[in-house]
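Visitor: Sharing a structure below in C-alpha cells format, with a few things to ask.
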Amino acid sequence: MMNKKIHFHFLPVLCMLLSVVSVKVSFAQNGDNGKNRTESVQLIPIETAHSATVFEVGKDNRLHMVYLGSKLPENKEYNQIIGQYRQGTDYSEVSDVVYPASGSQNLFEPAISVRHADGNQSLDLKFVSVQTKQMDKDIKLTEIILKDEVYPFEVHLFYKTYFATDVVETWADIMHEEKGSVRMDKFASAGLYLRGSKFWLTHYHGDWAKEMRPEQTLITHGIKTLDSKLGSRADLFQPPVFMIALGQKAREDAGKVIYGSLEWSGNFRVDLELDNLNNLRVIPGINNYASSFDLPKDSLFTTAKFLYTFSDRGQGQASRQLQRWARDNKILDGNGQRLTLLNNWESTYFDFNEDKLRSLLKDTKSLGVDLFLLDDGWFGNSYPRNNDHAGLGDWQANRKKLPNGIASLVKEATNMGVKFGIWLEPEMVNPKSDLYHQHPDWVLKQAKRPEYYFRNQLVLDLTNPAVQDFIFRIVDTLFTQNPGLAYIKWDCNAVIYNAYSLHESQQGRLYIDYVQGLYNVLKRIRAKYPKIPMMLCSGGGGRVDYGALQYFTEFWPSDNTDPLERIYMQWEYSYFYPAIATANHVTNWGKQPLKYRVDVAMMGKMGFDIPVHDLSAPDLNFCQASVVNYNKIKDIIWHGDQYRLQSPWTNDVASLMYVDRDKMHGVIFNYLVNARYGSGSHTPIKWKGLDPNRKYRIREINLYPGTTSTLKGDDVLSGDFLMTIGYNPKVDASRSSVILVADAVQS
C-alpha cells in the first residue's frame, strides 16, 4: 500500500476542530530544539455515542493514551483520569505512548520500528497537530500528526468514528523525506493502552472444518501474539478477531468488553503485552514476518485498518454494535437483499454434464429458491477439471461436459425464472494447466526449491499487474459473454509456500503487495459490477475479514456443514459478523433430521446443497414450505438485532433470537445440542430485545409435514413477561429444533 506522498504543510497556528481542548504544550519543530513554543492541545477525545478513547499530549510532547471506556458527561472529567493513573516512575510517561517506536525511550513492544537512511535505528515521535473533519452526520475523521525531531520522518494517525454504532476504525500513514530509503521493520495499525486490574482474552483457533473454536484466558505478564503467516487463506488457523474483557471474564449481558479486528486479508499480527504496571498494550497490524522492506523518499505507506468497539453492557451489546456497523458501512449492500440458492456440489461433485445440470435447474425452480449455483468442475480442456489435480487457471467451459458452454445454461435458467451463478478460484493455478505452462513466471514459488502444493495447487503472483489484469478478465469475460450471470462464488484454497516473486523487486513486500493486488482486482470488479452478489469462500473460514468483505455480500463460514457443529461455529462468528453475511447451506452432513438442518441454515443466508431429486415427498414438501417460511422472516434475521439467549457451550438447548428495529417482530431459534437421556428445555428461556410494554402473539413455524406443535399456538404475552419470566419452547429428543415467531399485537 505504497503511494506517492501527499505533502502536508505544518502551519504555525494549528487547526483545532470540534472536540479538541487547547492548552499550552511545547514541542520542537523544524530543528529549533524547543526554543520556539507553540500552543497545542492537552486532551484529544475520540468519542462515539457511548464510548470514548482519550489521548493526552504530555509534557514530553508525546501522545499518551489516557482512557478507553464509557463516554463521560464532560470532557474536563477526563483530566481527572490523568492524575489517577500517573505512577510517578521514570518510565510511566512513555509506557502509555499511543504509537510507540523502537530504539529510543520505549521499553516495550513497538508499533513501529525502522532503520533510517543513515543506518540509525532510533525513532521518537512527538506530537505536531490534530484536526477533525465531520464526514457526515454519523462519521467523523480525526488525524493526529506525529514527527521525529531528529529525522524528517512522520506518522499520521487516523481515527474514523461511527457515532451511532460506537465503532472506531484506526490506521496510520507513514512517510519521510530522508535522503535515501528507510527500512521498515514493523508497521502496526495502532497502539492501544488499557488500564485495569485484570484482562481476559477471547480468541479463536481452528483448521479446515474446525473453524472458530474459542479460548478465553487470563492475560498474564509478557506478550501474547495472535498471528498468521499463511499469506493467502490467512485465517485458516487463526482469525484476526478477538475480544478483551476488562476486570472480569466476558459475559453476554454485563461487563466491559472491547472487540477488535484487523481489516486485512493476509498475514496479520496482534501483540497483547501486560506490562510492569499491570496495564495492557494492544498492537495490531500487518504481520512483519518476512516483510521488512525499504520505503523510498516521498512515498507513503498506509497500514491496514484496525477496528474496535467498546461496550459496558457485555458481549451481546458489542456484537450488535459491530453487526449494525457492518451492515451500514462495510459489507457490500449490507442493508439489502440476498439470494437463496441451490448448489450442485454435493449432488454431483465433479461428475456432471448438461443434462444433469438441466435437471438441477428444474430442482431449483421446484424448490422455490432464487438461484442455481454451478460449483467446481465446469472448466478446463487440455487439462479437464475432473478432480482437484488439474484445470485451475484454464477458465474456459469444458467442451465435453458443457458442449454449449455456460451461455446456454444461463439462458435456460433465465427462461425458467431462475438466476444462475458460478464458482471461481481465480487466484490459483494447478501445475496441470495451460496457464501454468504458458506463464510459469506468474506463479509464486522458489525457483531452486521443489514445488510444494496445498490442495494440488499454487498461488498466482498478484503483485504482478499482468496477473491482476488476467484475473479481472476472467470475471469480466464471464459477465460480458453471459449478461444474465447473477452470482459469483469466489474460492481460495491454498496458502503460500516457498514465497518468491519473479515480478516483485522487494521480496519483503511480497506478502503485503499480494493482498493489495487482490484488492486492486476486487476494486476493478466492483467499479464495473457494483451490485453482483459474491460469496467470499475459502475452504471455509480461511479468509473472513472486513478488508475483503467490503467487496462481497456474504462469506462461507466452514466446509463443515454438520448442523450441530454449525450451531457452535455460527454462534462464535455472530460476535463479529451479521447474519446477512453468513452463508449457511442445508447438506447431508451430520446425523440430525432434515428439519434440524434446515432450521440451522435459516440463521443467516440460507441455501441448499442436497440432491433434491433424492428427497422423499414429505422431505421435498418440507423444504419447499421452509423456503416460503424463510422468505417471511428473513428480513428480521438479516436486518434485525441479534440476542443470544442460551449458549450451546453450557446448556442442553441453544437459543438465540432476532428482533426487528421497531421491536414489532422477533424470531427465536432453539436447538437441542445435548441429546443425552432427559435433556431438553425444562424451564422457560428468557427472551431479550422486546418492548416490555407491548404484547406479543407467539407461534411455532416450520413444522415438518404431519407433525403438530406441542405449544398452544395462541399465547399472547407481554414483552416484560417474556424477558423477565421467559417462554419454554419445549425442546427435547422428539422436538430437537423449534422456531418461534413473536408478533406484536396491535392495541
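In the C-alpha cells, the first chain shown is A, the next is B, and so on; residue numbers restart at 1 for each chain, and ligands run from 1 in the order shown.
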Contacts of range 386-391 of chain A at 9 Å or less, counting only C-alpha atoms, minus same-chain residues fewer than 4 places along, as a list in words?
Guide: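 Returned residues: Tyr349, Phe350, Asp351, Asp376, Gly377, Trp378, Phe379, Gly380, Asn381, Ser382, Trp395, Val429, Asn430, Pro431, Lys432, Ser433, Asp434, Leu435, Arg455, Asn456 and Gln457 of chain A.
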Visitor: With distances taken over only C-alpha atoms, which of A:Asp166, A:Asp599, A:Glu178, A:Glu273 is nearest to Ser319 in chain A?
Guide: A:Asp166
Visitor: One decimal, Å: what's the distance from CA of Ser129 in chain A over to CA of Asn329 in chain A, could you say?
Guide: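 Interatomic distance, CA of Ser129 in chain A to CA of Asn329 in chain A: 28.1 Å.
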Visitor: Quick one: distance from CA of Gly58 in chain A to CA of Ile44 in chain A in Å, one decimal?
Guide: 11.4 Å
Visitor: Quick one, how far is CA of Tyr511 in chain A from CA of Phe242 in chain A?
Guide: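 Separating CA of Tyr511 in chain A from CA of Phe242 in chain A is a distance of 22.6 Å.
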Visitor: What lies within 9 Å of range 480-488 of chain A using only C-alpha atoms, ignoring chain neighbours under 5 positions off, as a list in words?
Guide: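 Close residues of range 480-488 of chain A: Leu339, Leu371, Leu373, Ile406, Ala407, Val410, Lys411, Thr414, Lys419, Phe420, Gly421, Ile422, Trp423, Leu424, Val475, Ile532, Pro533, Met534, Met535 and Leu536 of chain A.
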Visitor: Please, could you write that set of residues out with N, CA and C atoms as a PDB file, in the first residue's frame?
Guide:
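Written file, out_22.pdb:
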ATOM      1  N   LEU A 339     -29.750 -13.684  -2.131  1.00  0.00           N
ATOM      2  CA  LEU A 339     -30.361 -14.726  -2.952  1.00  0.00           C
ATOM      3  C   LEU A 339     -30.256 -16.077  -2.260  1.00  0.00           C
ATOM      4  N   LEU A 371     -31.753 -18.984  -7.009  1.00  0.00           N
ATOM      5  CA  LEU A 371     -30.584 -19.097  -7.879  1.00  0.00           C
ATOM      6  C   LEU A 371     -30.034 -20.514  -7.874  1.00  0.00           C
ATOM      7  N   LEU A 373     -26.464 -22.446  -8.367  1.00  0.00           N
ATOM      8  CA  LEU A 373     -25.022 -22.184  -8.337  1.00  0.00           C
ATOM      9  C   LEU A 373     -24.261 -23.380  -8.879  1.00  0.00           C
ATOM     10  N   ILE A 406     -21.363 -22.081 -21.031  1.00  0.00           N
ATOM     11  CA  ILE A 406     -22.117 -21.533 -19.901  1.00  0.00           C
ATOM     12  C   ILE A 406     -23.341 -20.774 -20.386  1.00  0.00           C
ATOM     13  N   ALA A 407     -23.223 -20.132 -21.560  1.00  0.00           N
ATOM     14  CA  ALA A 407     -24.291 -19.256 -22.039  1.00  0.00           C
ATOM     15  C   ALA A 407     -25.621 -19.981 -22.159  1.00  0.00           C
ATOM     16  N   VAL A 410     -27.140 -20.390 -18.684  1.00  0.00           N
ATOM     17  CA  VAL A 410     -27.650 -19.122 -18.162  1.00  0.00           C
ATOM     18  C   VAL A 410     -28.972 -18.774 -18.841  1.00  0.00           C
ATOM     19  N   LYS A 411     -29.017 -18.972 -20.147  1.00  0.00           N
ATOM     20  CA  LYS A 411     -30.237 -18.676 -20.898  1.00  0.00           C
ATOM     21  C   LYS A 411     -31.384 -19.572 -20.453  1.00  0.00           C
ATOM     22  N   THR A 414     -32.625 -18.497 -17.061  1.00  0.00           N
ATOM     23  CA  THR A 414     -33.400 -17.264 -17.177  1.00  0.00           C
ATOM     24  C   THR A 414     -34.800 -17.546 -17.688  1.00  0.00           C
ATOM     25  N   LYS A 419     -32.210 -17.570 -11.427  1.00  0.00           N
ATOM     26  CA  LYS A 419     -30.933 -16.926 -11.667  1.00  0.00           C
ATOM     27  C   LYS A 419     -29.819 -17.976 -11.685  1.00  0.00           C
ATOM     28  N   PHE A 420     -28.673 -17.594 -12.260  1.00  0.00           N
ATOM     29  CA  PHE A 420     -27.575 -18.538 -12.442  1.00  0.00           C
ATOM     30  C   PHE A 420     -26.290 -17.933 -11.885  1.00  0.00           C
ATOM     31  N   GLY A 421     -25.575 -18.716 -11.069  1.00  0.00           N
ATOM     32  CA  GLY A 421     -24.288 -18.293 -10.521  1.00  0.00           C
ATOM     33  C   GLY A 421     -23.210 -19.319 -10.806  1.00  0.00           C
ATOM     34  N   ILE A 422     -21.956 -18.929 -10.586  1.00  0.00           N
ATOM     35  CA  ILE A 422     -20.856 -19.817 -10.954  1.00  0.00           C
ATOM     36  C   ILE A 422     -19.705 -19.695  -9.953  1.00  0.00           C
ATOM     37  N   TRP A 423     -18.950 -20.784  -9.821  1.00  0.00           N
ATOM     38  CA  TRP A 423     -17.798 -20.889  -8.912  1.00  0.00           C
ATOM     39  C   TRP A 423     -16.518 -20.509  -9.636  1.00  0.00           C
ATOM     40  N   LEU A 424     -15.636 -19.787  -8.932  1.00  0.00           N
ATOM     41  CA  LEU A 424     -14.319 -19.441  -9.452  1.00  0.00           C
ATOM     42  C   LEU A 424     -13.282 -19.568  -8.337  1.00  0.00           C
ATOM     43  N   VAL A 475     -13.243 -12.677 -14.771  1.00  0.00           N
ATOM     44  CA  VAL A 475     -14.563 -12.293 -14.283  1.00  0.00           C
ATOM     45  C   VAL A 475     -15.297 -11.461 -15.325  1.00  0.00           C
ATOM     46  N   ILE A 532     -23.399  -7.075  -8.231  1.00  0.00           N
ATOM     47  CA  ILE A 532     -23.437  -8.531  -8.375  1.00  0.00           C
ATOM     48  C   ILE A 532     -23.110  -9.187  -7.034  1.00  0.00           C
ATOM     49  N   PRO A 533     -23.973 -10.058  -6.506  1.00  0.00           N
ATOM     50  CA  PRO A 533     -23.658 -10.755  -5.251  1.00  0.00           C
ATOM     51  C   PRO A 533     -22.460 -11.679  -5.429  1.00  0.00           C
ATOM     52  N   MET A 534     -21.564 -11.671  -4.456  1.00  0.00           N
ATOM     53  CA  MET A 534     -20.410 -12.561  -4.478  1.00  0.00           C
ATOM     54  C   MET A 534     -20.200 -13.141  -3.086  1.00  0.00           C
ATOM     55  N   MET A 535     -19.974 -14.455  -3.046  1.00  0.00           N
ATOM     56  CA  MET A 535     -19.655 -15.134  -1.798  1.00  0.00           C
ATOM     57  C   MET A 535     -18.146 -15.219  -1.632  1.00  0.00           C
ATOM     58  N   LEU A 536     -17.684 -14.858  -0.458  1.00  0.00           N
ATOM     59  CA  LEU A 536     -16.273 -14.987  -0.108  1.00  0.00           C
ATOM     60  C   LEU A 536     -16.072 -16.372   0.497  1.00  0.00           C
TER      61      LEU A 536
END
Visitor: Considering only C-alpha atoms, can you say which of A:Asp375, A:Asp641, A:Glu354, A:Asp363 comes closest to Gly405 in chain A?
Guide: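 The answer is A:Glu354, which sits nearest to Gly405 in chain A.
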Visitor: Where in range 19-213 of chain A does DSSP assign alpha helix (DSSP H), given as a PyMOL selection string?
Guide: chain A and resi 77-85+92-95
Visitor: Restricting the calculation to only C-alpha atoms: of A:Gln438, A:Gln507, A:Gln323, A:Thr650, which residue gets closest to Thr165 in chain A?
Guide: A:Gln323
Visitor: Let me make sure I understand: among A:Leu594, A:Gly604, A:Tyr453, A:Arg697, which one has the smallest atom-to-atom distance to Thr582 in chain A if we use only C-alpha atoms?
Guide: A:Gly604
Visitor: Would you mind telling me which residue in A:Glu425, A:Asp253, A:Asp743, A:Asp370 lies nearest to Ala318 in chain A when using only C-alpha atoms?
Guide: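 Residue with the minimum atom-to-atom distance to Ala318 in chain A: A:Asp253.
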Visitor: Identify all residues of range 282-426 of chain A in strand (DSSP E or B) (DSSP on the backbone) and supply them as JSON, numbers by chain.
Guide: {"A": [282, 283, 284, 285, 286, 293, 294, 295, 299, 300, 301, 302, 305, 306, 307, 308, 309, 310, 311, 313, 341, 342, 343, 371, 372, 373, 374, 379, 390, 397, 419, 420, 421, 422, 423, 424]}
Visitor: Let's have the selection written as a short mmCIF file (atom, residue, chain, number, x, y, z; two decimals), in the first residue's frame, with N, CA and C atoms.
Guide:
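Now in result26.cif:
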data_model
loop_
_atom_site.label_atom_id
_atom_site.label_comp_id
_atom_site.auth_asym_id
_atom_site.auth_seq_id
_atom_site.Cartn_x
_atom_site.Cartn_y
_atom_site.Cartn_z
N VAL A 282 -2.04 -3.14 23.40
CA VAL A 282 -2.57 -3.90 22.27
C VAL A 282 -2.03 -3.26 20.99
N ILE A 283 -1.27 -4.03 20.21
CA ILE A 283 -0.64 -3.51 18.99
C ILE A 283 -1.00 -4.43 17.83
N PRO A 284 -2.01 -4.05 17.04
CA PRO A 284 -2.44 -4.86 15.89
C PRO A 284 -1.90 -4.31 14.58
N GLY A 285 -1.71 -5.18 13.61
CA GLY A 285 -1.29 -4.71 12.30
C GLY A 285 -0.97 -5.84 11.34
N ILE A 286 -0.51 -5.45 10.16
CA ILE A 286 0.01 -6.42 9.20
C ILE A 286 1.21 -7.11 9.83
N PHE A 293 10.97 -4.05 4.47
CA PHE A 293 11.12 -3.50 3.13
C PHE A 293 11.58 -2.06 3.22
N ASP A 294 12.04 -1.53 2.09
CA ASP A 294 12.54 -0.17 2.01
C ASP A 294 11.44 0.77 1.54
N LEU A 295 11.26 1.85 2.27
CA LEU A 295 10.29 2.88 1.90
C LEU A 295 11.04 4.06 1.30
N SER A 299 7.39 8.84 -0.51
CA SER A 299 6.35 7.83 -0.75
C SER A 299 5.57 7.65 0.54
N LEU A 300 4.44 7.01 0.42
CA LEU A 300 3.51 6.87 1.54
C LEU A 300 3.16 5.41 1.73
N PHE A 301 3.27 4.94 2.97
CA PHE A 301 2.81 3.59 3.29
C PHE A 301 1.61 3.71 4.23
N THR A 302 0.49 3.11 3.82
CA THR A 302 -0.73 3.12 4.62
C THR A 302 -0.93 1.74 5.22
N LYS A 305 -6.36 -1.18 8.19
CA LYS A 305 -7.24 -0.61 9.20
C LYS A 305 -7.49 -1.62 10.32
N PHE A 306 -7.57 -1.09 11.52
CA PHE A 306 -7.95 -1.87 12.70
C PHE A 306 -9.22 -1.27 13.25
N LEU A 307 -10.22 -2.12 13.51
CA LEU A 307 -11.47 -1.62 14.07
C LEU A 307 -11.64 -2.14 15.48
N TYR A 308 -12.29 -1.34 16.30
CA TYR A 308 -12.62 -1.79 17.65
C TYR A 308 -13.91 -1.12 18.11
N THR A 309 -14.57 -1.77 19.04
CA THR A 309 -15.77 -1.21 19.66
C THR A 309 -15.76 -1.58 21.13
N PHE A 310 -16.24 -0.67 21.95
CA PHE A 310 -16.29 -0.87 23.40
C PHE A 310 -17.73 -0.95 23.85
N SER A 311 -17.99 -1.85 24.79
CA SER A 311 -19.32 -1.97 25.40
C SER A 311 -19.16 -2.13 26.90
N ARG A 313 -21.89 -3.09 28.47
CA ARG A 313 -23.06 -3.94 28.69
C ARG A 313 -22.84 -5.33 28.09
N LEU A 341 -30.35 -20.14 -2.66
CA LEU A 341 -29.79 -20.86 -3.81
C LEU A 341 -29.78 -22.37 -3.59
N LEU A 342 -29.59 -23.05 -4.70
CA LEU A 342 -29.30 -24.49 -4.72
C LEU A 342 -27.94 -24.66 -5.37
N ASN A 343 -27.03 -25.31 -4.66
CA ASN A 343 -25.68 -25.56 -5.15
C ASN A 343 -25.60 -27.02 -5.61
N LEU A 371 -31.75 -18.98 -7.01
CA LEU A 371 -30.58 -19.10 -7.88
C LEU A 371 -30.03 -20.51 -7.87
N PHE A 372 -29.51 -20.93 -9.02
CA PHE A 372 -28.75 -22.16 -9.12
C PHE A 372 -27.26 -21.80 -9.21
N LEU A 373 -26.46 -22.45 -8.37
CA LEU A 373 -25.02 -22.18 -8.34
C LEU A 373 -24.26 -23.38 -8.88
N LEU A 374 -23.55 -23.17 -9.99
CA LEU A 374 -22.69 -24.20 -10.58
C LEU A 374 -21.33 -24.13 -9.91
N PHE A 379 -14.74 -26.32 -16.02
CA PHE A 379 -13.77 -25.68 -16.91
C PHE A 379 -12.61 -26.63 -17.23
N ALA A 390 -6.17 -30.76 -11.49
CA ALA A 390 -5.92 -30.15 -12.79
C ALA A 390 -6.94 -29.06 -13.09
N ALA A 397 -15.10 -23.11 -20.55
CA ALA A 397 -16.02 -24.21 -20.29
C ALA A 397 -15.50 -25.50 -20.91
N LYS A 419 -32.21 -17.57 -11.43
CA LYS A 419 -30.93 -16.93 -11.67
C LYS A 419 -29.82 -17.98 -11.68
N PHE A 420 -28.67 -17.59 -12.26
CA PHE A 420 -27.57 -18.54 -12.44
C PHE A 420 -26.29 -17.93 -11.88
N GLY A 421 -25.58 -18.72 -11.07
CA GLY A 421 -24.29 -18.29 -10.52
C GLY A 421 -23.21 -19.32 -10.81
N ILE A 422 -21.96 -18.93 -10.59
CA ILE A 422 -20.86 -19.82 -10.95
C ILE A 422 -19.71 -19.70 -9.95
N TRP A 423 -18.95 -20.78 -9.82
CA TRP A 423 -17.80 -20.89 -8.91
C TRP A 423 -16.52 -20.51 -9.64
N LEU A 424 -15.64 -19.79 -8.93
CA LEU A 424 -14.32 -19.44 -9.45
C LEU A 424 -13.28 -19.57 -8.34
#
Visitor: Please determine, counting only C-alpha atoms, which residue among A:Ser197, A:Gln131, A:Asn335, A:Thr364 has the shortest atom-to-atom distance to Ile580 in chain A.
Guide: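 Closest to Ile580 in chain A of all the choices is A:Asn335.
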Visitor: Where does range 200-280 of chain A meet range 111-117 of chain A within 12 Å, residue by residue, with the nearest atom pair and distance in Å to one decimal for each, counting only C-alpha atoms, listed by chain and rising number, as a tab-separated table?
Guide:
residue	atom	partner	partner_atom	distance
A:Arg269	CA	A:Ala111	CA	10.9
A:Val270	CA	A:Ala111	CA	10.3
A:Asp271	CA	A:Ala111	CA	9.3
A:Leu272	CA	A:Ala111	CA	11.5
A:Glu273	CA	A:Ala111	CA	11.9
Visitor: Could you turn the residues from that selection into a file that holds N, CA, C and O atoms, as a tab-separated table (two decimals), in the first residue's frame?
Guide:
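This is the output file out.tsv:
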chain	number	residue	atom	x	y	z
A	269	ARG	N	-0.91	-9.66	12.64
A	269	ARG	CA	-0.26	-9.88	13.94
A	269	ARG	C	-0.91	-8.94	14.96
A	269	ARG	O	-1.06	-7.75	14.71
A	270	VAL	N	-1.28	-9.51	16.10
A	270	VAL	CA	-1.79	-8.72	17.22
A	270	VAL	C	-0.96	-9.07	18.45
A	270	VAL	O	-0.96	-10.22	18.88
A	271	ASP	N	-0.23	-8.10	18.97
A	271	ASP	CA	0.55	-8.29	20.20
A	271	ASP	C	-0.24	-7.74	21.38
A	271	ASP	O	-0.72	-6.60	21.35
A	272	LEU	N	-0.37	-8.55	22.42
A	272	LEU	CA	-1.03	-8.14	23.65
A	272	LEU	C	-0.02	-8.30	24.78
A	272	LEU	O	0.35	-9.42	25.13
A	273	GLU	N	0.43	-7.18	25.33
A	273	GLU	CA	1.51	-7.19	26.31
A	273	GLU	C	1.04	-6.60	27.63
A	273	GLU	O	0.67	-5.42	27.70
Visitor: Skipping near chain neighbours, those fewer than 2 positions away, what residues fall within 9 Å of Pro240 in chain A using only C-alpha atoms, listed as a list in words?
Guide: His203, Tyr204, Leu226, Asp227, Ser228, Asp235, Gln238, Phe242, Gly260, Ser261, Leu262, Glu263, Trp264, Phe268, Arg269, Val270, Val544 and Asp545 of chain A
Visitor: I need the chosen residues saved as a PDB file, in the first residue's frame, with N, CA and C atoms.
Guide:
ATOM      1  N   HIS A 203     -10.023 -15.448  22.095  1.00  0.00           N
ATOM      2  CA  HIS A 203      -9.571 -15.513  20.706  1.00  0.00           C
ATOM      3  C   HIS A 203      -9.931 -16.891  20.159  1.00  0.00           C
ATOM      4  N   TYR A 204      -9.569 -17.141  18.905  1.00  0.00           N
ATOM      5  CA  TYR A 204     -10.087 -18.320  18.215  1.00  0.00           C
ATOM      6  C   TYR A 204      -8.970 -19.063  17.491  1.00  0.00           C
ATOM      7  N   LEU A 226      -1.231 -13.103  18.565  1.00  0.00           N
ATOM      8  CA  LEU A 226      -2.138 -13.779  17.640  1.00  0.00           C
ATOM      9  C   LEU A 226      -1.663 -13.424  16.241  1.00  0.00           C
ATOM     10  N   ASP A 227      -1.409 -14.433  15.408  1.00  0.00           N
ATOM     11  CA  ASP A 227      -0.884 -14.072  14.100  1.00  0.00           C
ATOM     12  C   ASP A 227      -1.140 -15.154  13.066  1.00  0.00           C
ATOM     13  N   SER A 228      -0.872 -14.782  11.833  1.00  0.00           N
ATOM     14  CA  SER A 228      -0.931 -15.692  10.695  1.00  0.00           C
ATOM     15  C   SER A 228       0.260 -15.426   9.799  1.00  0.00           C
ATOM     16  N   ASP A 235      -6.577 -16.852   7.350  1.00  0.00           N
ATOM     17  CA  ASP A 235      -7.327 -17.075   8.586  1.00  0.00           C
ATOM     18  C   ASP A 235      -7.544 -18.554   8.894  1.00  0.00           C
ATOM     19  N   GLN A 238      -6.134 -19.198  12.473  1.00  0.00           N
ATOM     20  CA  GLN A 238      -6.377 -18.142  13.460  1.00  0.00           C
ATOM     21  C   GLN A 238      -7.030 -16.951  12.769  1.00  0.00           C
ATOM     22  N   PHE A 242     -10.819 -10.763  17.971  1.00  0.00           N
ATOM     23  CA  PHE A 242     -10.611 -11.104  19.376  1.00  0.00           C
ATOM     24  C   PHE A 242     -11.465 -10.186  20.229  1.00  0.00           C
ATOM     25  N   GLY A 260     -12.006  -6.388  18.828  1.00  0.00           N
ATOM     26  CA  GLY A 260     -11.051  -5.882  17.861  1.00  0.00           C
ATOM     27  C   GLY A 260     -10.943  -6.794  16.656  1.00  0.00           C
ATOM     28  N   SER A 261     -10.636  -6.198  15.511  1.00  0.00           N
ATOM     29  CA  SER A 261     -10.447  -6.989  14.297  1.00  0.00           C
ATOM     30  C   SER A 261      -9.619  -6.199  13.301  1.00  0.00           C
ATOM     31  N   LEU A 262      -8.702  -6.894  12.635  1.00  0.00           N
ATOM     32  CA  LEU A 262      -7.895  -6.266  11.599  1.00  0.00           C
ATOM     33  C   LEU A 262      -8.583  -6.437  10.252  1.00  0.00           C
ATOM     34  N   GLU A 263      -8.694  -5.354   9.507  1.00  0.00           N
ATOM     35  CA  GLU A 263      -9.308  -5.395   8.177  1.00  0.00           C
ATOM     36  C   GLU A 263      -8.211  -5.685   7.150  1.00  0.00           C
ATOM     37  N   TRP A 264      -7.819  -6.926   7.094  1.00  0.00           N
ATOM     38  CA  TRP A 264      -6.681  -7.298   6.236  1.00  0.00           C
ATOM     39  C   TRP A 264      -6.799  -8.768   5.888  1.00  0.00           C
ATOM     40  N   PHE A 268      -1.417 -11.289   9.462  1.00  0.00           N
ATOM     41  CA  PHE A 268      -1.698 -10.283  10.475  1.00  0.00           C
ATOM     42  C   PHE A 268      -0.975 -10.640  11.765  1.00  0.00           C
ATOM     43  N   ARG A 269      -0.909  -9.661  12.640  1.00  0.00           N
ATOM     44  CA  ARG A 269      -0.264  -9.875  13.940  1.00  0.00           C
ATOM     45  C   ARG A 269      -0.906  -8.939  14.964  1.00  0.00           C
ATOM     46  N   VAL A 270      -1.278  -9.509  16.102  1.00  0.00           N
ATOM     47  CA  VAL A 270      -1.786  -8.715  17.216  1.00  0.00           C
ATOM     48  C   VAL A 270      -0.964  -9.068  18.449  1.00  0.00           C
ATOM     49  N   VAL A 544     -11.908 -14.581   6.103  1.00  0.00           N
ATOM     50  CA  VAL A 544     -13.084 -13.824   6.538  1.00  0.00           C
ATOM     51  C   VAL A 544     -12.594 -12.633   7.341  1.00  0.00           C
ATOM     52  N   ASP A 545     -12.667 -11.468   6.764  1.00  0.00           N
ATOM     53  CA  ASP A 545     -12.263 -10.255   7.454  1.00  0.00           C
ATOM     54  C   ASP A 545     -12.926  -9.084   6.753  1.00  0.00           C
TER      55      ASP A 545
END
Visitor: Near Pro100 in chain A, counting only C-alpha atoms, which residues have an atom at most 9 Å away, once you skip same-chain residues fewer than 3 positions from it, shown as a list in words?
Guide: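 These residues fall inside the cut-off: Val94, Ser95, Asp96, Val97, Asn106, Phe108, Glu109, Pro110, Ala111, Ile112, Ser113, Leu123, Asp124, Leu125 and Gly191 of chain A.
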Visitor: Keeping C-alpha atoms for every residue in the selection just given, could you write it to a file as a PDB file, in the first residue's frame?
Guide:
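That gives us part_32.pdb:
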ATOM      1  CA  VAL A  94       6.462   6.647  27.905  1.00  0.00           C
ATOM      2  CA  SER A  95       4.747   3.365  28.825  1.00  0.00           C
ATOM      3  CA  ASP A  96       1.353   4.612  27.622  1.00  0.00           C
ATOM      4  CA  VAL A  97       2.554   6.216  24.373  1.00  0.00           C
ATOM      5  CA  ASN A 106      10.213   2.855  24.703  1.00  0.00           C
ATOM      6  CA  PHE A 108       8.106  -2.390  25.393  1.00  0.00           C
ATOM      7  CA  GLU A 109       6.869  -3.906  22.136  1.00  0.00           C
ATOM      8  CA  PRO A 110       6.867  -1.183  19.462  1.00  0.00           C
ATOM      9  CA  ALA A 111       4.170  -0.342  16.968  1.00  0.00           C
ATOM     10  CA  ILE A 112       6.794   0.895  14.527  1.00  0.00           C
ATOM     11  CA  SER A 113      10.431   0.004  14.012  1.00  0.00           C
ATOM     12  CA  LEU A 123      12.656   6.787  16.328  1.00  0.00           C
ATOM     13  CA  ASP A 124      10.946   9.123  18.771  1.00  0.00           C
ATOM     14  CA  LEU A 125       7.618  10.500  17.568  1.00  0.00           C
ATOM     15  CA  GLY A 191      -1.428   1.117  19.666  1.00  0.00           C
TER      16      GLY A 191
END
Visitor: Identify, on the basis of only C-alpha atoms, every residue whose closest approach to range 672-680 of chain A does not exceed 6 Å; exclude the query and any residue fewer than 5 positions from it along the same chain; express the result as a list of chain:residue names.
Guide: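 Those residues are A:Asp652, A:Val653, A:Val731, A:Asp732, A:Ser736.
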Visitor: For all heavy atoms, I'd like the residues from the last selection saved as a CSV table (one decimal), in the first residue's frame.
Guide:
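New file again-v4.csv:
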chain,number,residue,atom,x,y,z
A,652,ASP,N,-28.1,-27.6,27.6
A,652,ASP,CA,-28.6,-28.6,26.7
A,652,ASP,C,-29.3,-28.1,25.5
A,652,ASP,O,-29.3,-28.7,24.4
A,652,ASP,CB,-29.7,-29.5,27.5
A,652,ASP,CG,-29.1,-30.3,28.6
A,652,ASP,OD1,-27.9,-30.5,28.6
A,652,ASP,OD2,-29.9,-30.8,29.4
A,653,VAL,N,-29.9,-26.9,25.6
A,653,VAL,CA,-30.6,-26.2,24.5
A,653,VAL,C,-29.9,-24.9,24.2
A,653,VAL,O,-29.8,-24.1,25.1
A,653,VAL,CB,-32.1,-26.0,24.8
A,653,VAL,CG1,-32.8,-25.2,23.7
A,653,VAL,CG2,-32.8,-27.4,25.0
A,731,VAL,N,-38.2,-28.0,23.9
A,731,VAL,CA,-37.3,-28.8,23.1
A,731,VAL,C,-36.9,-30.0,23.8
A,731,VAL,O,-36.5,-30.0,25.0
A,731,VAL,CB,-36.1,-27.9,22.8
A,731,VAL,CG1,-35.0,-28.7,22.0
A,731,VAL,CG2,-36.5,-26.7,22.0
A,732,ASP,N,-36.9,-31.2,23.1
A,732,ASP,CA,-36.4,-32.4,23.6
A,732,ASP,C,-36.1,-33.3,22.5
A,732,ASP,O,-36.0,-32.9,21.3
A,732,ASP,CB,-37.5,-33.1,24.6
A,732,ASP,CG,-38.8,-33.3,23.9
A,732,ASP,OD1,-38.8,-33.6,22.7
A,732,ASP,OD2,-39.9,-33.3,24.6
A,736,SER,N,-36.3,-31.7,18.5
A,736,SER,CA,-34.9,-31.2,18.7
A,736,SER,C,-34.6,-29.8,18.1
A,736,SER,O,-33.6,-29.2,18.4
A,736,SER,CB,-33.9,-32.2,18.0
A,736,SER,OG,-34.2,-32.4,16.7
